[in-house]
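Asks: Contents of structure.txt (compact mmCIF, C-alpha atoms and all ligand atoms):
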# COMPACT_ATOMS: atom_id res chain seq x y z
CA MET N 20 39.72 143.77 133.05
CA ILE N 21 39.03 141.84 136.25
CA ALA N 22 38.06 138.79 134.20
CA LYS N 23 41.36 139.07 132.32
CA LEU N 24 43.32 139.30 135.57
CA ARG N 25 41.49 136.25 136.89
CA MET N 26 42.39 134.38 133.71
CA ILE N 27 46.07 135.30 134.12
CA GLN N 28 45.84 134.28 137.76
CA SER N 29 44.35 130.88 136.85
CA SER N 30 47.04 130.37 134.21
CA LEU N 31 49.70 131.08 136.84
CA VAL N 32 48.08 128.62 139.23
CA LEU N 33 47.94 126.04 136.44
CA ALA N 34 51.62 126.69 135.59
CA VAL N 35 52.61 126.25 139.24
CA VAL N 36 50.59 123.01 139.44
CA LEU N 37 52.27 121.71 136.28
CA LEU N 38 55.72 122.64 137.60
CA TRP N 39 54.94 120.97 140.90
CA GLY N 40 53.85 117.88 138.97
CA ALA N 41 57.10 117.92 137.04
CA THR N 42 59.05 118.20 140.30
CA ILE N 43 57.24 115.16 141.70
CA ALA N 44 57.94 113.29 138.48
CA VAL N 45 61.69 114.03 138.79
CA ALA N 46 61.78 113.08 142.47
CA GLY N 47 59.99 109.82 141.76
CA GLU N 48 61.96 108.87 138.63
CA ALA N 49 62.37 105.11 138.32
CA SER N 50 66.05 105.06 137.43
CA PRO N 51 68.26 108.10 137.96
CA PRO N 52 70.95 108.78 135.36
CA ALA N 53 73.88 106.42 135.90
CA PRO N 54 77.39 107.73 136.58
CA TYR N 55 79.57 107.68 133.47
CA GLU N 56 83.23 107.28 132.59
CA VAL N 57 84.95 110.57 131.80
CA LYS N 58 86.86 110.25 128.54
CA ASP N 59 89.76 112.65 127.94
CA SER N 60 89.71 113.43 131.65
CA PRO N 61 90.93 116.87 132.69
CA LEU N 62 92.33 115.45 135.96
CA PRO N 63 96.09 115.86 136.47
CA HIS N 64 98.38 112.83 136.22
CA GLY N 65 102.05 111.87 136.19
CA ASN N 66 104.41 114.14 138.06
CA ASN N 67 102.02 117.08 138.01
CA GLY N 68 100.92 116.84 141.62
CA ILE N 69 101.96 118.00 145.05
CA ALA N 70 104.71 115.35 145.40
CA ALA N 71 106.63 116.76 142.44
CA ARG N 72 107.47 119.83 144.55
CA TYR N 73 108.85 117.75 147.45
CA PRO N 74 111.52 115.29 146.21
CA GLY N 75 111.50 112.19 148.39
CA ASP N 76 108.31 113.61 149.99
CA ALA N 77 110.62 115.70 152.22
CA GLY N 78 108.49 118.44 153.78
CA ILE N 79 105.31 117.40 151.94
CA GLU N 80 103.35 117.49 155.22
CA ARG N 81 103.79 121.30 155.23
CA ASP N 82 102.01 121.77 151.89
CA PRO N 83 98.73 123.67 152.46
CA ALA N 84 96.77 120.98 150.55
CA VAL N 85 98.18 118.06 152.60
CA VAL N 86 96.13 116.97 155.62
CA PHE N 87 98.00 113.78 156.57
CA HIS N 88 101.38 112.17 155.93
CA ASP N 89 103.09 109.08 157.33
CA ASP N 90 106.33 107.55 156.07
CA PHE N 91 106.45 105.28 159.17
CA GLU N 92 109.95 106.55 160.02
CA SER N 93 108.71 107.32 163.54
CA GLY N 94 108.86 103.56 164.05
CA ASP N 95 105.33 103.33 165.40
CA LEU N 96 101.69 103.50 164.33
CA SER N 97 100.66 106.24 166.75
CA LYS N 98 99.18 108.41 163.97
CA TRP N 99 96.55 105.72 163.28
CA THR N 100 93.32 104.70 164.97
CA PRO N 101 93.20 100.93 165.47
CA GLY N 102 90.45 99.11 163.60
CA TRP N 103 89.45 95.52 162.84
CA ARG N 104 92.23 93.02 163.76
CA PHE N 105 94.81 95.77 164.35
CA ASP N 106 97.02 93.16 166.02
CA ARG N 107 98.04 92.12 162.48
CA ALA N 108 99.71 95.53 161.93
CA ARG N 109 103.49 95.84 162.34
CA ILE N 110 106.30 98.28 161.67
CA THR N 111 108.93 96.51 159.62
CA GLN N 112 112.49 97.18 158.48
CA GLU N 113 112.45 94.17 156.17
CA VAL N 114 111.64 96.31 153.14
CA ALA N 115 110.78 100.00 152.88
CA HIS N 116 109.86 102.28 150.01
CA SER N 117 111.38 105.29 151.78
CA GLY N 118 113.86 105.46 154.65
CA LYS N 119 114.19 102.37 156.81
CA HIS N 120 110.64 101.65 157.92
CA ALA N 121 107.38 100.57 156.36
CA MET N 122 104.10 99.24 157.68
CA GLN N 123 103.17 95.62 157.24
CA TRP N 124 100.01 93.57 157.52
CA ALA N 125 101.04 90.10 158.68
CA VAL N 126 98.14 87.75 158.13
CA THR N 127 97.94 84.03 158.65
CA LEU N 128 95.01 82.70 156.69
CA SER N 129 93.57 79.53 158.14
CA GLN N 130 89.79 79.51 158.11
CA GLY N 131 87.61 82.29 156.77
CA ASP N 132 88.55 85.78 155.67
CA ASP N 133 91.28 87.66 157.46
CA GLY N 134 93.20 90.93 157.34
CA GLY N 135 93.27 94.17 159.26
CA ASN N 136 92.27 97.82 159.27
CA MET N 137 93.58 101.04 160.72
CA ALA N 138 92.26 104.52 160.05
CA VAL N 139 92.95 108.24 160.16
CA LYS N 140 90.23 110.66 161.20
CA LEU N 141 90.09 113.84 159.12
CA ALA N 142 88.99 116.92 161.01
CA PRO N 143 87.66 119.15 159.62
CA GLY N 144 85.98 116.91 157.06
CA LEU N 145 86.67 117.31 153.35
CA ASP N 146 84.56 117.70 150.19
CA VAL N 147 87.33 116.20 148.04
CA CYS N 148 90.01 113.74 149.12
CA PHE N 149 93.09 112.36 147.36
CA TYR N 150 94.69 109.35 149.08
CA ARG N 151 98.05 108.04 147.90
CA VAL N 152 99.58 104.86 149.32
CA TYR N 153 102.69 102.96 148.26
CA CYS N 154 102.00 99.26 148.50
CA ARG N 155 103.89 96.07 147.86
CA LEU N 156 101.85 92.90 147.46
CA PRO N 157 103.16 89.56 148.62
CA GLU N 158 104.39 87.18 145.93
CA ASN N 159 102.25 84.34 147.18
CA PHE N 160 98.66 85.48 147.06
CA GLU N 161 95.97 85.97 144.49
CA PRO N 162 95.40 89.75 144.36
CA ARG N 163 91.95 89.14 142.89
CA ARG N 164 90.89 87.94 146.33
CA MET N 165 91.68 91.11 148.25
CA HIS N 166 90.10 94.42 149.11
CA GLY N 167 92.28 97.42 149.74
CA TRP N 168 92.02 100.80 151.34
CA SER N 169 89.07 103.17 151.64
CA ILE N 170 87.88 106.76 151.91
CA THR N 171 84.67 107.22 153.90
CA ALA N 172 82.17 109.87 154.99
CA THR N 173 79.93 109.10 157.95
CA THR N 174 77.76 110.82 160.52
CA PRO N 175 78.35 109.98 164.21
CA GLY N 176 77.20 106.50 165.16
CA VAL N 177 77.39 105.10 161.60
CA SER N 178 79.99 102.41 160.92
CA PRO N 179 82.22 103.52 158.03
CA LEU N 180 83.10 100.06 156.72
CA GLY N 181 80.30 98.01 158.26
CA GLY N 182 76.74 97.99 156.95
CA ALA N 183 77.39 95.85 153.87
CA GLY N 184 74.24 95.61 151.78
CA ILE N 185 72.64 98.71 153.31
CA ARG N 186 71.89 101.52 150.89
CA PRO N 187 73.09 104.94 152.10
CA THR N 188 70.35 107.55 152.56
CA GLY N 189 72.22 110.63 151.36
CA LYS N 190 72.51 111.83 154.93
CA ASP N 191 74.39 109.05 156.71
CA LYS N 192 77.40 107.80 154.70
CA PHE N 193 79.21 107.24 151.41
CA THR N 194 82.35 105.24 150.78
CA LEU N 195 85.01 104.45 148.17
CA THR N 196 87.16 101.30 148.39
CA LEU N 197 89.97 99.98 146.22
CA ASP N 198 89.03 96.55 144.99
CA ASN N 199 90.63 93.98 142.74
CA PRO N 200 88.09 91.50 141.35
CA HIS N 201 89.33 89.36 138.45
CA ASN N 202 92.73 91.08 138.86
CA ASN N 203 91.32 94.37 137.61
CA LEU N 204 91.92 97.40 139.80
CA SER N 205 88.44 98.68 140.55
CA LEU N 206 86.67 101.29 142.60
CA TYR N 207 83.88 99.95 144.79
CA THR N 208 81.52 102.63 146.02
CA TYR N 209 78.41 102.97 148.18
CA TYR N 210 76.02 105.80 147.30
CA PRO N 211 72.24 106.34 147.54
CA GLU N 212 71.54 105.66 143.84
CA MET N 213 73.75 102.57 143.43
CA PRO N 214 71.96 100.03 141.22
CA GLY N 215 72.09 97.11 143.68
CA LYS N 216 72.25 96.91 147.44
CA TRP N 217 75.89 95.74 147.54
CA GLY N 218 77.62 98.81 146.19
CA ALA N 219 78.75 99.47 142.63
CA SER N 220 82.05 98.48 141.05
CA TYR N 221 83.83 100.64 138.46
CA ARG N 222 86.49 98.54 136.82
CA THR N 223 89.72 99.50 135.04
CA GLU N 224 91.66 97.31 132.61
CA PHE N 225 94.78 97.46 134.78
CA SER N 226 96.25 95.19 137.46
CA LEU N 227 98.41 95.50 140.55
CA HIS N 228 101.77 93.75 140.35
CA LYS N 229 103.12 91.41 143.00
CA GLY N 230 106.43 91.90 144.81
CA LYS N 231 106.98 95.49 143.65
CA TRP N 232 106.36 98.95 145.17
CA GLN N 233 103.51 100.78 143.44
CA ALA N 234 101.81 104.10 144.15
CA VAL N 235 98.03 103.79 144.18
CA GLU N 236 96.06 107.03 144.47
CA LEU N 237 92.31 107.31 144.95
CA MET N 238 90.13 110.39 144.56
CA LEU N 239 86.66 110.85 146.05
CA LYS N 240 84.85 114.11 145.36
CA ALA N 241 81.50 114.63 147.06
CA ASN N 242 78.68 116.19 145.04
CA GLN N 243 77.09 119.54 145.78
CA PRO N 244 73.75 118.70 147.42
CA GLY N 245 71.03 118.86 144.75
CA HIS N 246 73.46 118.02 141.95
CA ARG N 247 74.84 114.76 140.57
CA ASP N 248 78.41 116.01 140.28
CA GLY N 249 80.33 113.63 142.56
CA GLU N 250 83.45 112.02 141.06
CA ILE N 251 85.85 109.13 141.64
CA ALA N 252 89.23 108.32 140.09
CA VAL N 253 92.23 106.01 140.49
CA TRP N 254 95.88 106.34 139.44
CA LEU N 255 98.66 103.74 139.43
CA ASP N 256 102.21 105.17 139.51
CA GLY N 257 100.81 108.45 138.21
CA LYS N 258 98.87 106.92 135.31
CA LEU N 259 95.18 107.80 135.45
CA LEU N 260 93.43 104.44 135.08
CA GLY N 261 89.82 105.51 135.43
CA HIS N 262 87.65 108.55 136.17
CA TRP N 263 83.88 108.43 136.67
CA ALA N 264 81.43 111.26 137.32
CA GLY N 265 77.73 111.87 137.90
CA PHE N 266 77.38 110.57 141.46
CA ARG N 267 74.85 111.79 144.00
CA TYR N 268 76.69 110.96 147.21
CA ARG N 269 74.91 113.25 149.65
CA ASP N 270 71.90 115.49 150.08
CA VAL N 271 73.28 117.59 152.93
CA PRO N 272 76.51 119.63 152.91
CA GLU N 273 77.49 118.63 156.45
CA LEU N 274 78.09 115.01 155.40
CA LYS N 275 81.81 115.25 154.65
CA ILE N 276 84.72 112.88 154.01
CA ASN N 277 86.07 112.29 157.51
CA MET N 278 88.18 109.13 157.46
CA VAL N 279 90.69 107.17 155.38
CA HIS N 280 91.42 103.51 156.09
CA LEU N 281 94.47 101.38 155.38
CA VAL N 282 92.92 97.97 154.91
CA LEU N 283 93.97 94.54 153.84
CA TYR N 284 91.06 92.16 153.49
CA LEU N 285 91.94 88.71 152.21
CA HIS N 286 89.29 86.24 151.16
CA ALA N 287 89.48 82.67 152.28
CA GLY N 288 89.77 81.68 148.59
CA ASN N 289 93.52 82.23 148.99
CA PRO N 290 95.36 79.09 150.09
CA ALA N 291 95.92 78.80 153.83
CA GLY N 292 99.27 80.29 154.81
CA SER N 293 101.10 83.45 155.86
CA TYR N 294 100.85 86.64 153.85
CA THR N 295 102.55 90.00 154.22
CA MET N 296 101.44 93.23 152.59
CA PHE N 297 103.69 96.30 152.87
CA HIS N 298 102.65 99.97 152.87
CA ASP N 299 104.70 103.16 152.97
CA ASP N 300 104.57 106.89 152.15
CA VAL N 301 100.90 107.62 152.79
CA VAL N 302 99.64 111.10 151.86
CA VAL N 303 96.11 112.51 152.14
CA ALA N 304 95.40 115.84 150.43
CA THR N 305 92.77 118.02 148.82
CA LYS N 306 94.66 118.07 145.48
CA TYR N 307 96.31 115.48 143.22
CA ILE N 308 99.44 114.12 144.93
CA GLY N 309 101.18 111.92 142.34
CA PRO N 310 104.12 109.53 142.77
CA MET N 311 107.10 110.41 144.95
CA ALA N 312 109.65 112.51 143.04
CA PRO N 313 113.26 111.23 143.13
CA LYS N 314 115.59 112.95 145.57
CA LYS N 315 117.97 115.35 143.83
CA CA A 401 109.29 104.69 155.14
Let's see the structure in the file written out as structure tokens.

Replies:
Amino acid sequence: MIAKLRMIQSSLVLAVVLLWGATIAVAGEASPPAPYEVKDSPLPHGNNGIAARYPGDAGIERDPAVVFHDDFESGDLSKWTPGWRFDRARITQEVAHSGKHAMQWAVTLSQGDDGGNMAVKLAPGLDVCFYRVYCRLPENFEPRRMHGWSITATTPGVSPLGGAGIRPTGKDKFTLTLDNPHNNLSLYTYYPEMPGKWGASYRTEFSLHKGKWQAVELMLKANQPGHRDGEIAVWLDGKLLGHWAGFRYRDVPELKINMVHLVLYLHAGNPAGSYTMFHDDVVVATKYIGPMAPKK
């Protein structure tokens, strides 16, 4: 009887050792499963978001899912935290998507890259963030040589948009940036399991248009620590252009999305000259926002 018990005991020990071995094998796997495009995405699109309930965005800031709104009708940029080359930011009445005011990046490209950045801090931090911006690109630049706006999660002391080429650890940061290489709207994202050290690009087949107001919406959903269930998505005027899932963005729940950035970054590959990029009707929320609904 005792011998039998000992045998069972040894089998249990062996089973635990094997399980432990399997755990080590998983932790040390050479290439983790890559994120994948979600076909037939269940995400909402079109006029099925928060904005549909607030024609002209009137009162949208009072929706329980909305954490930030700026239509720039205050005539200033006091809701924003100045970032890189903030002196290029202006309030303009030249063109506006809503009301009489919009925000404008006024950039004179001479030597090297140029642009500007301003940000909104989100407190408390979020596990999922939808970020809708109306933008109007200048007629005279090559959109393939620009980077756009971002959603970031950082711990104190970590630069949200700096640190290019540094792989996140799972505890310090993750980011999502709108990008436009080869004139394809793309999502550029930093996460611990990205294949290279420069971030990974998820490309759609769609392009931004010049000289026209367009609603671009980004979604960044953090994973549950221990799971690869983070997601990203992008919409243009309510059309879902791309949705990818399977990201491990973080290993600790306290690393949350805590900033959005309104960025224009122009590469020196554009001809020297003056460029203006207009923004209006910014909304940040925890649910799909969608394009502005017409006023009744
Ligand atoms: Ca406005």

Asks: List as number ranges by chain the protein and nucleic acid residues lying within 7 Å of ligand CA 401 (chain A), with only C-alpha atoms and all ligand atoms counted.

Replies: N: 90-92, 115-121, 299-300

Asks: What would the file look like if the residues just selected were written as a PDB file, in the frame of the given file with C-alpha atoms?

Replies:
ATOM      1  CA  ASP N  90     106.330 107.550 156.070  1.00  0.00           C
ATOM      2  CA  PHE N  91     106.450 105.280 159.170  1.00  0.00           C
ATOM      3  CA  GLU N  92     109.950 106.550 160.020  1.00  0.00           C
ATOM      4  CA  ALA N 115     110.780 100.000 152.880  1.00  0.00           C
ATOM      5  CA  HIS N 116     109.860 102.280 150.010  1.00  0.00           C
ATOM      6  CA  SER N 117     111.380 105.290 151.780  1.00  0.00           C
ATOM      7  CA  GLY N 118     113.860 105.460 154.650  1.00  0.00           C
ATOM      8  CA  LYS N 119     114.190 102.370 156.810  1.00  0.00           C
ATOM      9  CA  HIS N 120     110.640 101.650 157.920  1.00  0.00           C
ATOM     10  CA  ALA N 121     107.380 100.570 156.360  1.00  0.00           C
ATOM     11  CA  ASP N 299     104.700 103.160 152.970  1.00  0.00           C
ATOM     12  CA  ASP N 300     104.570 106.890 152.150  1.00  0.00           C
TER      13      ASP N 300
END

Asks: Check the smallest atom-to-atom distance from each of N:Asp106, N:Arg269, N:Thr127, N:Pro143 to Ala291 of chain N using only C-alpha atoms, then report the winner.

Replies: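 Answer, going by the shortest atom-to-atom distance: N:Thr127.
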
Asks: Could you pull the residues within 10 Å of Gly249 of chain N, counting all atoms listed in the file, minus those fewer than 5 positions along the same chain, as number ranges by chain?

Replies: N: 54, 146-147, 239-244, 263-269

Asks: Could you give me, as a ChimeraX atom specification, the residues within 9 Å of segment 215-229 of chain N, counting all atoms listed in the file and dropping anything in the same chain fewer than 5 positions from it?

Replies: /N:56,155-160,162,183-186,198-200,202-210,253,255,260-261,263

Asks: Pick out the closest residue to Met311 of chain N from this set: N:Pro61, N:Pro214, N:Gly257, N:Gly189. Count only C-alpha atoms.

Replies: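 Closest to Met311 of chain N, using only C-alpha atoms: N:Gly257.
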